[in-house]
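File shown: final-v4.txt (compact mmCIF, C-alpha atoms).
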# COMPACT_ATOMS: atom_id res chain seq x y z
CA MET A 1 20.25 36.87 23.66
CA LYS A 2 19.11 37.25 27.24
CA ILE A 3 15.55 38.51 27.72
CA LEU A 4 14.68 39.69 31.21
CA LYS A 5 11.08 40.50 32.05
CA SER A 6 9.75 43.64 33.70
CA GLN A 7 8.44 42.82 37.13
CA ILE A 8 7.66 44.05 40.63
CA VAL A 9 10.24 42.52 42.94
CA LYS A 10 11.95 43.03 46.29
CA ILE A 11 9.97 46.15 47.16
CA LYS A 12 9.13 47.46 50.64
CA LYS A 13 5.71 49.01 50.92
CA GLY A 14 3.27 50.69 53.25
CA LYS A 15 -0.51 50.36 53.08
CA ASN A 16 -2.60 50.74 49.93
CA LEU A 17 0.08 50.75 47.26
CA LYS A 18 -1.66 50.68 43.86
CA VAL A 19 0.24 49.82 40.70
CA VAL A 20 -0.90 49.56 37.07
CA SER A 21 1.22 46.98 35.24
CA PRO A 22 3.29 46.52 33.14
CA THR A 23 5.93 48.26 35.19
CA ASN A 24 9.52 47.44 36.15
CA ILE A 25 10.02 48.08 39.87
CA TYR A 26 12.83 46.47 41.81
CA GLY A 27 14.19 47.12 45.28
CA ALA A 28 12.28 50.38 45.80
CA GLN A 29 10.59 51.49 49.02
CA PHE A 30 7.09 53.07 49.21
CA GLY A 31 5.22 54.78 52.05
CA ASN A 32 1.46 54.52 52.53
CA ASN A 33 -1.15 55.30 49.85
CA CYS A 34 1.24 55.52 46.90
CA PHE A 35 0.24 55.11 43.25
CA VAL A 36 2.39 53.99 40.31
CA GLY A 37 1.04 54.20 36.74
CA PRO A 38 1.79 51.88 33.82
CA PHE A 39 4.97 51.82 31.71
CA THR A 40 7.11 53.09 34.57
CA GLU A 41 10.51 51.96 35.82
CA ILE A 42 11.62 52.49 39.43
CA GLN A 43 15.08 51.25 40.36
CA LYS A 44 16.52 49.87 43.55
CA ASN A 45 16.95 51.91 46.73
CA VAL A 46 14.55 54.60 45.50
CA LYS A 47 12.47 55.88 48.43
CA ILE A 48 9.00 57.33 47.89
CA GLY A 49 7.04 58.96 50.72
CA ASP A 50 3.41 58.64 51.82
CA ASN A 51 0.67 59.73 49.40
CA THR A 52 3.08 60.31 46.51
CA LYS A 53 1.87 59.47 43.00
CA ILE A 54 4.08 58.41 40.13
CA GLN A 55 2.29 58.77 36.81
CA SER A 56 2.64 56.63 33.67
CA HIS A 57 5.83 56.55 31.58
CA SER A 58 8.08 57.89 34.34
CA PHE A 59 11.59 56.65 35.08
CA ILE A 60 13.03 56.95 38.60
CA CYS A 61 16.64 55.85 38.98
CA GLU A 62 18.78 54.75 41.91
CA LEU A 63 19.77 57.48 44.39
CA VAL A 64 16.45 59.33 44.06
CA ASN A 65 14.59 60.06 47.28
CA ILE A 66 11.09 61.57 47.00
CA GLY A 67 9.16 62.96 49.97
CA LYS A 68 5.50 62.89 50.97
CA ASN A 69 2.47 64.16 49.04
CA CYS A 70 4.41 64.60 45.79
CA PHE A 71 3.06 64.31 42.25
CA ILE A 72 5.43 63.02 39.57
CA GLY A 73 3.76 63.63 36.20
CA HIS A 74 3.67 61.45 33.10
CA GLY A 75 6.95 60.86 31.30
CA VAL A 76 9.09 62.48 34.00
CA VAL A 77 12.68 61.20 33.89
CA PHE A 78 15.23 61.40 36.70
CA ILE A 79 18.99 61.17 36.14
CA ASN A 80 21.83 60.02 38.40
CA ASP A 81 24.57 59.93 35.78
CA ALA A 82 25.30 63.50 34.69
CA PHE A 83 28.12 62.42 32.31
CA LYS A 84 30.55 64.20 34.68
CA ASP A 85 33.70 63.29 32.74
CA SER A 86 31.84 63.90 29.48
CA LYS A 87 30.91 60.25 29.30
CA PRO A 88 28.53 57.83 30.99
CA ALA A 89 29.58 56.39 34.36
CA ASN A 90 29.15 53.00 32.71
CA GLY A 91 28.22 51.23 35.92
CA LYS A 92 30.75 52.97 38.19
CA LYS A 93 28.29 53.98 40.87
CA SER A 94 30.83 56.22 42.63
CA LYS A 95 30.26 58.66 39.75
CA TRP A 96 26.48 58.78 40.22
CA LEU A 97 24.86 61.71 41.99
CA LYS A 98 21.86 61.88 44.33
CA THR A 99 18.50 63.56 43.89
CA LYS A 100 16.39 64.69 46.84
CA ILE A 101 12.80 65.80 46.26
CA ASN A 102 11.23 67.10 49.48
CA SER A 103 7.51 67.06 50.32
CA ASN A 104 4.62 68.66 48.43
CA VAL A 105 6.58 68.91 45.19
CA TYR A 106 4.54 68.69 41.97
CA ILE A 107 6.51 67.90 38.82
CA GLY A 108 4.74 68.51 35.52
CA SER A 109 4.66 65.87 32.79
CA ASN A 110 7.60 65.27 30.43
CA SER A 111 9.99 67.09 32.76
CA THR A 112 13.62 66.00 33.14
CA ILE A 113 15.28 66.19 36.54
CA LEU A 114 19.08 66.27 36.73
CA PRO A 115 20.66 65.09 40.02
CA ILE A 116 19.72 68.04 42.22
CA SER A 117 17.58 68.76 45.27
CA ILE A 118 14.22 70.48 45.36
CA CYS A 119 12.87 71.96 48.61
CA SER A 120 9.28 71.47 49.78
CA ASN A 121 6.32 73.28 48.21
CA VAL A 122 7.59 73.61 44.66
CA VAL A 123 5.72 73.33 41.35
CA ILE A 124 7.69 72.40 38.21
CA GLY A 125 5.90 73.28 34.97
CA ALA A 126 5.37 70.58 32.34
CA GLY A 127 8.23 69.99 29.91
CA SER A 128 10.86 71.58 32.15
CA VAL A 129 14.50 70.58 32.48
CA VAL A 130 15.63 71.14 36.08
CA THR A 131 19.42 71.55 36.11
CA LYS A 132 20.10 73.25 39.47
CA ASN A 133 19.07 72.93 43.11
CA ILE A 134 15.80 74.65 43.97
CA THR A 135 15.93 76.08 47.47
CA LYS A 136 12.92 78.43 47.53
CA PRO A 137 9.24 77.43 47.29
CA GLY A 138 7.48 78.64 44.13
CA LYS A 139 6.79 77.78 40.52
CA TYR A 140 9.60 76.99 38.09
CA ALA A 141 9.47 76.17 34.37
CA GLY A 142 11.46 76.10 31.12
CA ASN A 143 14.64 74.58 29.73
CA PRO A 144 16.61 75.20 31.89
CA ALA A 145 13.95 75.71 34.57
CA LYS A 146 13.78 79.19 36.12
CA LYS A 147 11.52 80.73 38.74
CA ILE A 148 8.40 82.13 37.13
CA LYS A 149 6.29 82.92 40.22
CA MET B 150 -0.73 45.94 47.22
CA LYS B 151 -3.27 46.18 44.44
CA ILE B 152 -1.95 45.48 40.94
CA LEU B 153 -4.24 46.49 38.09
CA LYS B 154 -3.40 45.42 34.58
CA SER B 155 -3.21 47.61 31.48
CA GLN B 156 -6.00 46.71 29.12
CA ILE B 157 -8.30 47.81 26.33
CA VAL B 158 -11.75 48.14 27.82
CA LYS B 159 -15.08 49.91 27.31
CA ILE B 160 -14.02 51.66 24.12
CA LYS B 161 -16.24 52.80 21.25
CA LYS B 162 -14.71 52.37 17.84
CA GLY B 163 -15.26 52.84 14.11
CA LYS B 164 -13.86 50.57 11.39
CA ASN B 165 -10.26 49.41 11.15
CA LEU B 166 -8.91 50.45 14.52
CA LYS B 167 -5.39 49.03 14.85
CA VAL B 168 -3.64 48.87 18.22
CA VAL B 169 -0.20 47.56 19.21
CA SER B 170 -0.29 46.24 22.76
CA PRO B 171 0.60 46.63 25.58
CA THR B 172 -1.49 49.73 25.95
CA ASN B 173 -3.89 51.04 28.59
CA ILE B 174 -7.05 52.33 26.94
CA TYR B 175 -10.32 52.68 28.82
CA GLY B 176 -13.56 54.38 27.92
CA ALA B 177 -12.17 56.23 24.88
CA GLN B 178 -13.94 56.73 21.54
CA PHE B 179 -12.30 56.29 18.12
CA GLY B 180 -13.47 57.14 14.58
CA ASN B 181 -12.62 55.04 11.52
CA ASN B 182 -9.10 54.00 10.50
CA CYS B 183 -7.32 55.04 13.69
CA PHE B 184 -3.96 53.67 14.86
CA VAL B 185 -2.60 53.45 18.41
CA GLY B 186 1.04 52.47 19.02
CA PRO B 187 2.46 50.49 21.95
CA PHE B 188 3.14 51.79 25.48
CA THR B 189 0.34 54.35 25.25
CA GLU B 190 -2.35 55.32 27.73
CA ILE B 191 -5.68 56.82 26.63
CA GLN B 192 -8.17 57.69 29.35
CA LYS B 193 -11.92 57.69 29.48
CA ASN B 194 -14.09 60.06 27.45
CA VAL B 195 -11.22 60.94 25.11
CA LYS B 196 -12.55 61.36 21.55
CA ILE B 197 -10.33 60.70 18.54
CA GLY B 198 -11.49 61.44 14.98
CA ASP B 199 -11.24 59.44 11.75
CA ASN B 200 -7.78 58.63 10.36
CA THR B 201 -5.95 59.97 13.42
CA LYS B 202 -2.79 58.17 14.52
CA ILE B 203 -1.47 58.03 18.07
CA GLN B 204 2.17 56.97 18.13
CA SER B 205 3.99 54.92 20.78
CA HIS B 206 4.63 56.23 24.33
CA SER B 207 1.91 58.89 24.20
CA PHE B 208 -0.44 59.76 27.05
CA ILE B 209 -3.88 61.21 26.36
CA CYS B 210 -5.90 62.20 29.39
CA GLU B 211 -9.59 62.77 30.09
CA LEU B 212 -11.10 65.92 28.57
CA VAL B 213 -8.97 65.73 25.41
CA ASN B 214 -10.83 65.83 22.09
CA ILE B 215 -8.79 65.25 18.91
CA GLY B 216 -10.18 65.82 15.40
CA LYS B 217 -9.74 64.00 12.10
CA ASN B 218 -6.54 63.27 10.17
CA CYS B 219 -4.28 64.20 13.08
CA PHE B 220 -0.85 62.77 13.88
CA ILE B 221 0.16 62.56 17.54
CA GLY B 222 3.90 61.76 17.63
CA HIS B 223 5.83 59.46 19.94
CA GLY B 224 5.98 60.42 23.61
CA VAL B 225 3.46 63.24 23.32
CA VAL B 226 1.82 64.01 26.67
CA PHE B 227 -1.45 65.87 27.21
CA ILE B 228 -2.40 67.54 30.49
CA ASN B 229 -5.77 68.33 32.07
CA ASP B 230 -4.52 69.32 35.51
CA ALA B 231 -2.56 72.55 35.19
CA PHE B 232 -1.91 72.79 38.98
CA LYS B 233 -4.20 75.85 39.03
CA ASP B 234 -3.98 76.46 42.77
CA SER B 235 -0.27 75.58 42.67
CA LYS B 236 -1.09 71.99 43.47
CA PRO B 237 -2.56 68.94 41.76
CA ALA B 238 -6.36 68.72 41.51
CA ASN B 239 -5.98 65.41 43.33
CA GLY B 240 -9.06 63.88 41.75
CA LYS B 241 -11.30 66.98 41.92
CA LYS B 242 -12.38 66.92 38.29
CA SER B 243 -13.99 70.34 38.53
CA LYS B 244 -10.44 71.73 38.51
CA TRP B 245 -9.46 69.94 35.31
CA LEU B 246 -9.35 71.81 32.01
CA LYS B 247 -10.24 70.72 28.46
CA THR B 248 -8.04 70.35 25.39
CA LYS B 249 -9.44 70.60 21.86
CA ILE B 250 -7.26 69.61 18.91
CA ASN B 251 -9.01 70.34 15.61
CA SER B 252 -8.42 68.49 12.32
CA ASN B 253 -5.18 68.10 10.36
CA VAL B 254 -3.00 68.89 13.35
CA TYR B 255 0.43 67.22 13.42
CA ILE B 256 2.15 67.15 16.80
CA GLY B 257 5.87 66.31 16.79
CA SER B 258 7.29 63.67 19.11
CA ASN B 259 8.08 64.36 22.78
CA SER B 260 5.84 67.45 22.79
CA THR B 261 3.84 68.44 25.86
CA ILE B 262 0.37 69.92 25.43
CA LEU B 263 -1.11 71.98 28.26
CA PRO B 264 -4.94 72.25 28.37
CA ILE B 265 -5.46 74.54 25.36
CA SER B 266 -7.07 74.46 21.94
CA ILE B 267 -5.32 74.18 18.59
CA CYS B 268 -7.13 75.17 15.37
CA SER B 269 -7.02 73.06 12.20
CA ASN B 270 -3.96 72.86 9.94
CA VAL B 271 -1.23 73.31 12.52
CA VAL B 272 2.19 71.68 12.79
CA ILE B 273 3.86 71.49 16.23
CA GLY B 274 7.62 70.88 16.07
CA ALA B 275 9.10 67.98 18.01
CA GLY B 276 9.96 68.61 21.65
CA SER B 277 7.67 71.62 21.98
CA VAL B 278 5.73 72.70 25.05
CA VAL B 279 2.41 74.23 23.97
CA THR B 280 1.17 76.55 26.71
CA LYS B 281 -1.36 78.78 24.93
CA ASN B 282 -4.25 78.46 22.49
CA ILE B 283 -3.21 78.33 18.84
CA THR B 284 -5.77 80.09 16.67
CA LYS B 285 -3.92 80.53 13.34
CA PRO B 286 -2.74 77.74 11.00
CA GLY B 287 1.04 77.45 10.70
CA LYS B 288 4.10 75.89 12.26
CA TYR B 289 4.91 76.34 15.93
CA ALA B 290 7.88 75.08 17.98
CA GLY B 291 9.94 75.61 21.14
CA ASN B 292 9.46 75.81 24.90
CA PRO B 293 7.12 77.61 25.14
CA ALA B 294 5.94 77.03 21.56
CA LYS B 295 5.92 80.09 19.28
CA LYS B 296 4.98 80.57 15.62
CA ILE B 297 8.01 79.93 13.43
CA LYS B 298 6.40 79.92 9.98
CA MET C 299 -10.28 45.99 15.84
CA LYS C 300 -6.90 44.48 15.13
CA ILE C 301 -4.61 44.10 18.13
CA LEU C 302 -0.97 43.39 17.33
CA LYS C 303 1.39 42.45 20.12
CA SER C 304 4.79 44.00 20.90
CA GLN C 305 7.49 41.47 20.24
CA ILE C 306 11.13 40.86 19.38
CA VAL C 307 11.20 39.56 15.83
CA LYS C 308 13.45 39.26 12.79
CA ILE C 309 16.45 40.86 14.48
CA LYS C 310 20.13 40.29 13.69
CA LYS C 311 22.38 40.28 16.70
CA GLY C 312 25.95 39.89 17.90
CA LYS C 313 26.99 38.33 21.21
CA ASN C 314 25.52 39.16 24.59
CA LEU C 315 22.47 41.19 23.58
CA LYS C 316 20.42 41.86 26.73
CA VAL C 317 16.82 43.07 26.52
CA VAL C 318 14.27 43.89 29.24
CA SER C 319 10.75 43.18 27.96
CA PRO C 320 8.16 44.36 27.13
CA THR C 321 9.69 45.95 24.08
CA ASN C 322 8.73 46.16 20.42
CA ILE C 323 11.77 45.40 18.25
CA TYR C 324 11.42 44.27 14.66
CA GLY C 325 13.97 43.90 11.89
CA ALA C 326 16.75 45.79 13.71
CA GLN C 327 20.44 44.85 13.77
CA PHE C 328 22.65 44.87 16.89
CA GLY C 329 26.42 44.51 17.37
CA ASN C 330 28.01 42.77 20.34
CA ASN C 331 27.27 43.57 23.98
CA CYS C 332 24.24 45.79 23.40
CA PHE C 333 21.55 46.52 26.00
CA VAL C 334 17.91 47.51 25.42
CA GLY C 335 15.73 48.63 28.34
CA PRO C 336 11.99 48.08 28.82
CA PHE C 337 9.16 50.01 27.10
CA THR C 338 11.28 50.70 24.01
CA GLU C 339 10.44 50.46 20.33
CA ILE C 340 13.12 49.87 17.68
CA GLN C 341 11.98 49.68 14.09
CA LYS C 342 13.23 47.75 11.11
CA ASN C 343 16.58 48.39 9.45
CA VAL C 344 17.88 50.29 12.48
CA LYS C 345 21.57 49.47 13.01
CA ILE C 346 23.14 49.67 16.46
CA GLY C 347 26.90 49.23 16.99
CA ASP C 348 28.89 47.23 19.55
CA ASN C 349 28.55 48.15 23.23
CA THR C 350 25.73 50.63 22.63
CA LYS C 351 23.02 50.88 25.28
CA ILE C 352 19.43 51.92 24.64
CA GLN C 353 17.69 52.91 27.85
CA SER C 354 14.02 52.47 28.80
CA HIS C 355 11.20 54.37 27.06
CA SER C 356 13.24 55.21 23.94
CA PHE C 357 11.92 55.12 20.38
CA ILE C 358 14.27 54.47 17.47
CA CYS C 359 12.72 54.68 14.03
CA GLU C 360 13.66 53.35 10.60
CA LEU C 361 16.62 55.02 8.91
CA VAL C 362 18.52 55.54 12.17
CA ASN C 363 22.08 54.22 12.30
CA ILE C 364 23.89 54.36 15.66
CA GLY C 365 27.62 53.66 16.07
CA LYS C 366 29.67 51.90 18.73
CA ASN C 367 29.91 52.68 22.44
CA CYS C 368 26.92 55.03 22.43
CA PHE C 369 24.50 55.70 25.27
CA ILE C 370 20.90 56.52 24.37
CA GLY C 371 19.20 57.79 27.53
CA HIS C 372 15.69 57.14 28.83
CA GLY C 373 12.80 58.52 26.79
CA VAL C 374 14.97 59.58 23.84
CA VAL C 375 12.93 59.82 20.63
CA PHE C 376 14.30 59.78 17.09
CA ILE C 377 12.40 61.14 14.09
CA ASN C 378 12.54 60.28 10.39
CA ASP C 379 9.49 62.21 9.30
CA ALA C 380 10.19 65.92 9.67
CA PHE C 381 6.79 66.94 8.24
CA LYS C 382 8.67 68.38 5.21
CA ASP C 383 5.56 69.49 3.33
CA SER C 384 4.01 70.65 6.58
CA LYS C 385 2.33 67.30 7.02
CA PRO C 386 3.25 63.73 7.91
CA ALA C 387 4.75 61.54 5.17
CA ASN C 388 1.86 59.20 5.90
CA GLY C 389 3.77 56.09 4.90
CA LYS C 390 5.54 57.56 1.83
CA LYS C 391 9.03 56.48 2.79
CA SER C 392 10.62 58.57 0.05
CA LYS C 393 9.86 61.57 2.25
CA TRP C 394 11.64 60.16 5.30
CA LEU C 395 15.12 61.36 6.24
CA LYS C 396 18.10 59.51 7.71
CA THR C 397 19.83 59.91 11.05
CA LYS C 398 23.48 58.93 11.59
CA ILE C 399 24.89 58.84 15.12
CA ASN C 400 28.61 58.11 15.08
CA SER C 401 30.59 56.41 17.87
CA ASN C 402 30.98 57.49 21.51
CA VAL C 403 27.89 59.68 21.42
CA TYR C 404 26.01 60.05 24.73
CA ILE C 405 22.45 61.33 24.45
CA GLY C 406 20.83 62.54 27.67
CA SER C 407 17.38 61.35 28.72
CA ASN C 408 14.17 62.83 27.26
CA SER C 409 16.06 64.29 24.28
CA THR C 410 14.49 64.51 20.84
CA ILE C 411 16.64 63.90 17.76
CA LEU C 412 15.45 65.26 14.41
CA PRO C 413 16.84 63.52 11.28
CA ILE C 414 20.42 64.81 11.41
CA SER C 415 23.92 63.43 11.87
CA ILE C 416 26.09 63.66 14.96
CA CYS C 417 29.87 63.14 14.72
CA SER C 418 31.81 60.99 17.20
CA ASN C 419 32.58 62.10 20.76
CA VAL C 420 29.54 64.23 21.44
CA VAL C 421 27.49 64.65 24.63
CA ILE C 422 23.87 65.81 24.34
CA GLY C 423 22.43 67.21 27.57
CA ALA C 424 19.21 65.77 28.94
CA GLY C 425 15.98 67.24 27.59
CA SER C 426 17.58 68.65 24.43
CA VAL C 427 16.02 68.96 21.00
CA VAL C 428 18.70 68.40 18.34
CA THR C 429 17.57 70.09 15.12
CA LYS C 430 20.83 70.45 13.13
CA ASN C 431 23.86 68.36 12.20
CA ILE C 432 26.59 68.30 14.83
CA THR C 433 30.02 68.18 13.21
CA LYS C 434 32.36 69.06 16.10
CA PRO C 435 32.96 67.01 19.26
CA GLY C 436 31.76 68.68 22.45
CA LYS C 437 28.77 69.13 24.71
CA TYR C 438 25.46 70.42 23.37
CA ALA C 439 22.19 71.16 25.18
CA GLY C 440 18.92 73.07 25.01
CA ASN C 441 15.91 73.49 22.74
CA PRO C 442 17.19 73.85 20.07
CA ALA C 443 20.49 72.28 21.14
CA LYS C 444 23.55 74.55 21.01
CA LYS C 445 27.22 73.99 21.89
CA ILE C 446 27.80 74.73 25.55
CA LYS C 447 31.34 73.41 25.98
This structure in structure tokens:
Amino acid sequence: MKILKSQIVKIKKGKNLKVVSPTNIYGAQFGNNCFVGPFTEIQKNVKIGDNTKIQSHSFICELVNIGKNCFIGHGVVFINDAFKDSKPANGKKSKWLKTKINSNVYIGSNSTILPISICSNVVIGAGSVVTKNITKPGKYAGNPAKKIK
Amino acid sequence: MKILKSQIVKIKKGKNLKVVSPTNIYGAQFGNNCFVGPFTEIQKNVKIGDNTKIQSHSFICELVNIGKNCFIGHGVVFINDAFKDSKPANGKKSKWLKTKINSNVYIGSNSTILPISICSNVVIGAGSVVTKNITKPGKYAGNPAKKIK
Amino acid sequence: MKILKSQIVKIKKGKNLKVVSPTNIYGAQFGNNCFVGPFTEIQKNVKIGDNTKIQSHSFICELVNIGKNCFIGHGVVFINDAFKDSKPANGKKSKWLKTKINSNVYIGSNSTILPISICSNVVIGAGSVVTKNITKPGKYAGNPAKKIK
């Protein structure tokens, strides 16, 4: 059995990054004034903009790019492997898809974000499952998430 | 970079509190015979009544008050910031809202609880999103949660 | 106050088990080439088949049996106590129910799995709540999960 240990390693960071451990963060990049809560995992090449806060229990995978002034709630999970051929990519990164979250996006707790893009100035209600691109500012919620305001 | 460490600090507790670490609990108050599972966060001023069990991966925020004999399932997330002005309160506590869970309330795993109140003797099905006050005993489920029994 | 510590204890394992700590795993059984991500809990008597991967933040309870070549996404929660008498079993294991996941089953992140069985060759979309047995291969999603393909 091989036991690896959660850690904070090979990150790039701006000023005032605050992290509550334990957390597993490797190869991610943070702007200024970011916060990361406990029991989170952030994978390599993730980019997170200035003033963005990642709350406890969230998982942010490779190929996710998050803008400035965003709020990622507790237990929010991002996805890069959408089981395109009805099975996991199983490490074949060419099958993974990107997620782009623009600035001033507020994602409610326990939401699930498929590999899509979300424009700036969007609110996602708690417990939502976002399955499609969001191209207009506003409030979205539900499973699947739809515009509610 | 500032790395804080998850801990158990400044809590008030009755008899027989049992906790599985790691967990981040600060300034919360527990009655007798409570249980808290691993990978949980419980914030300050949370009150939890006698015999109530908080399962693994749950997040309980400030302004949540939970009664006696309750069961909070795995991965249950509470919310005090409902993005009232379509954005996070960003630390302005005057914008946060309270949650009151009365006694004998059983919340299924992976549920999300907006800032509402739930009367005694209620069952919330797993994976629910509770968006409104619940004032009648019974079973509720879905996103948003509705009475099913 | 009694503080227990998450650990990896009394497990049975095949070759090449890889685990990212912290995790709380006790009395579970793994086949060959399994992976378990961080911030997971796997309870006693759980059986997990060859090549199956359990991603971060998942919770797998007693009485769950998972086959070969499965993928359990991030934040997936299993349930053995379905509150049958409208309340938790409260430790009475005779009230718990089993879950059987057959082989080549891929469960999307943040899904919730009630005590049911799922046949081989099934994909569960992210954020689903699976409330009934699945007996035909295909893709299922939603709350409650329904066949979508």
For this session: Determine which residues of chain B sit within 6 Å of chain C, taking into account all atoms listed in the file, and present them as a list in words.
Result: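 Listing them in order of chain and number gives Asn165, Leu166, Lys167, Val168, Val169 and Ser170 of chain B.
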Report as AutoDock Vina command-line options the centre and the edge lengths, in Å to one decimal, of the axis-aligned box holding every listed atom of range 400-408 of chain C, padded by 3 Å on each side.
--center_x 22.6 --center_y 59.6 --center_z 21.9 --size_x 22.8 --size_y 12.4 --size_z 19.6
For this session: To one decimal in Å, tell me the separation between CA of Ala439 in chain C and CA of Ser407 in chain C.
Result: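 Spanning CA of Ala439 in chain C to CA of Ser407 in chain C is a straight-line distance of 11.5 Å.
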For this session: Take CA of Lys92 in chain A and CA of Ile416 in chain C and report the distance between them in Å, one decimal.
Result: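 Distance reported for this atom pair: 26.0 Å.
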Problem set entry | Selection near Val195 in chain B, 9 Å with all atoms listed in the file, sequence-local residues under 6 positions removed, as a list in words |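 Everything that qualifies: Gly176, Ala177, Gln178, Phe179, Ile209, Cys210, Glu211, Leu212, Val213, Asn214 and Ile215 of chain B.
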For this session: Would you work out the distance separating CA of Lys136 in chain A from CA of Ile107 in chain A, expressed in Å to one decimal?
Result: 15.1 Å
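Of the listed residues C:Ser415, C:Asn431, C:Asn349, C:Asn330, the one whose atoms come nearest to Asn400 in chain C is C:Ser415, with distances taken using all atoms listed in the file.
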Exercise. Could you name the residues that touch Ile54 in chain A at 8 Å or less, counting all atoms listed in the file, but leaving out those on the same chain fewer than 5 positions away, as a PyMOL selection string?
Worked result: chain A and resi 34-37+71-74
Exercise. Residues at most 8 Å from Asn402 in chain C, counting all atoms listed in the file, excluding those fewer than 4 positions away in the same chain, as a ChimeraX atom specification?
Worked result: /C:365-369,418-420
Just write the chosen residues, C-alpha atoms, as a JSON list (two decimals), in the coordinates of the input.
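In the end it all went to selection35.json:
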[["chain", "number", "residue", "atom", "x", "y", "z"],
["C", 365, "GLY", "CA", 27.62, 53.66, 16.07],
["C", 366, "LYS", "CA", 29.67, 51.90, 18.73],
["C", 367, "ASN", "CA", 29.91, 52.68, 22.44],
["C", 368, "CYS", "CA", 26.92, 55.03, 22.43],
["C", 369, "PHE", "CA", 24.50, 55.70, 25.27],
["C", 418, "SER", "CA", 31.81, 60.99, 17.20],
["C", 419, "ASN", "CA", 32.58, 62.10, 20.76],
["C", 420, "VAL", "CA", 29.54, 64.23, 21.44]]
Exercise. Counting all atoms listed in the file, what is within 10 Å of Lys296 in chain B, bar same-chain residues fewer than 5 positions away, as a ChimeraX atom specification?
Worked result: /B:272-273,283,285-291
Exercise. Given the choices B:Lys161, B:Lys196, B:Lys298, B:Lys233, which gets closest to Lys249 in chain B if the distance is worked out from all atoms listed in the file?
Worked result: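 Looking only at the distances to Lys249 in chain B, the closest residue turns out to be B:Lys196.
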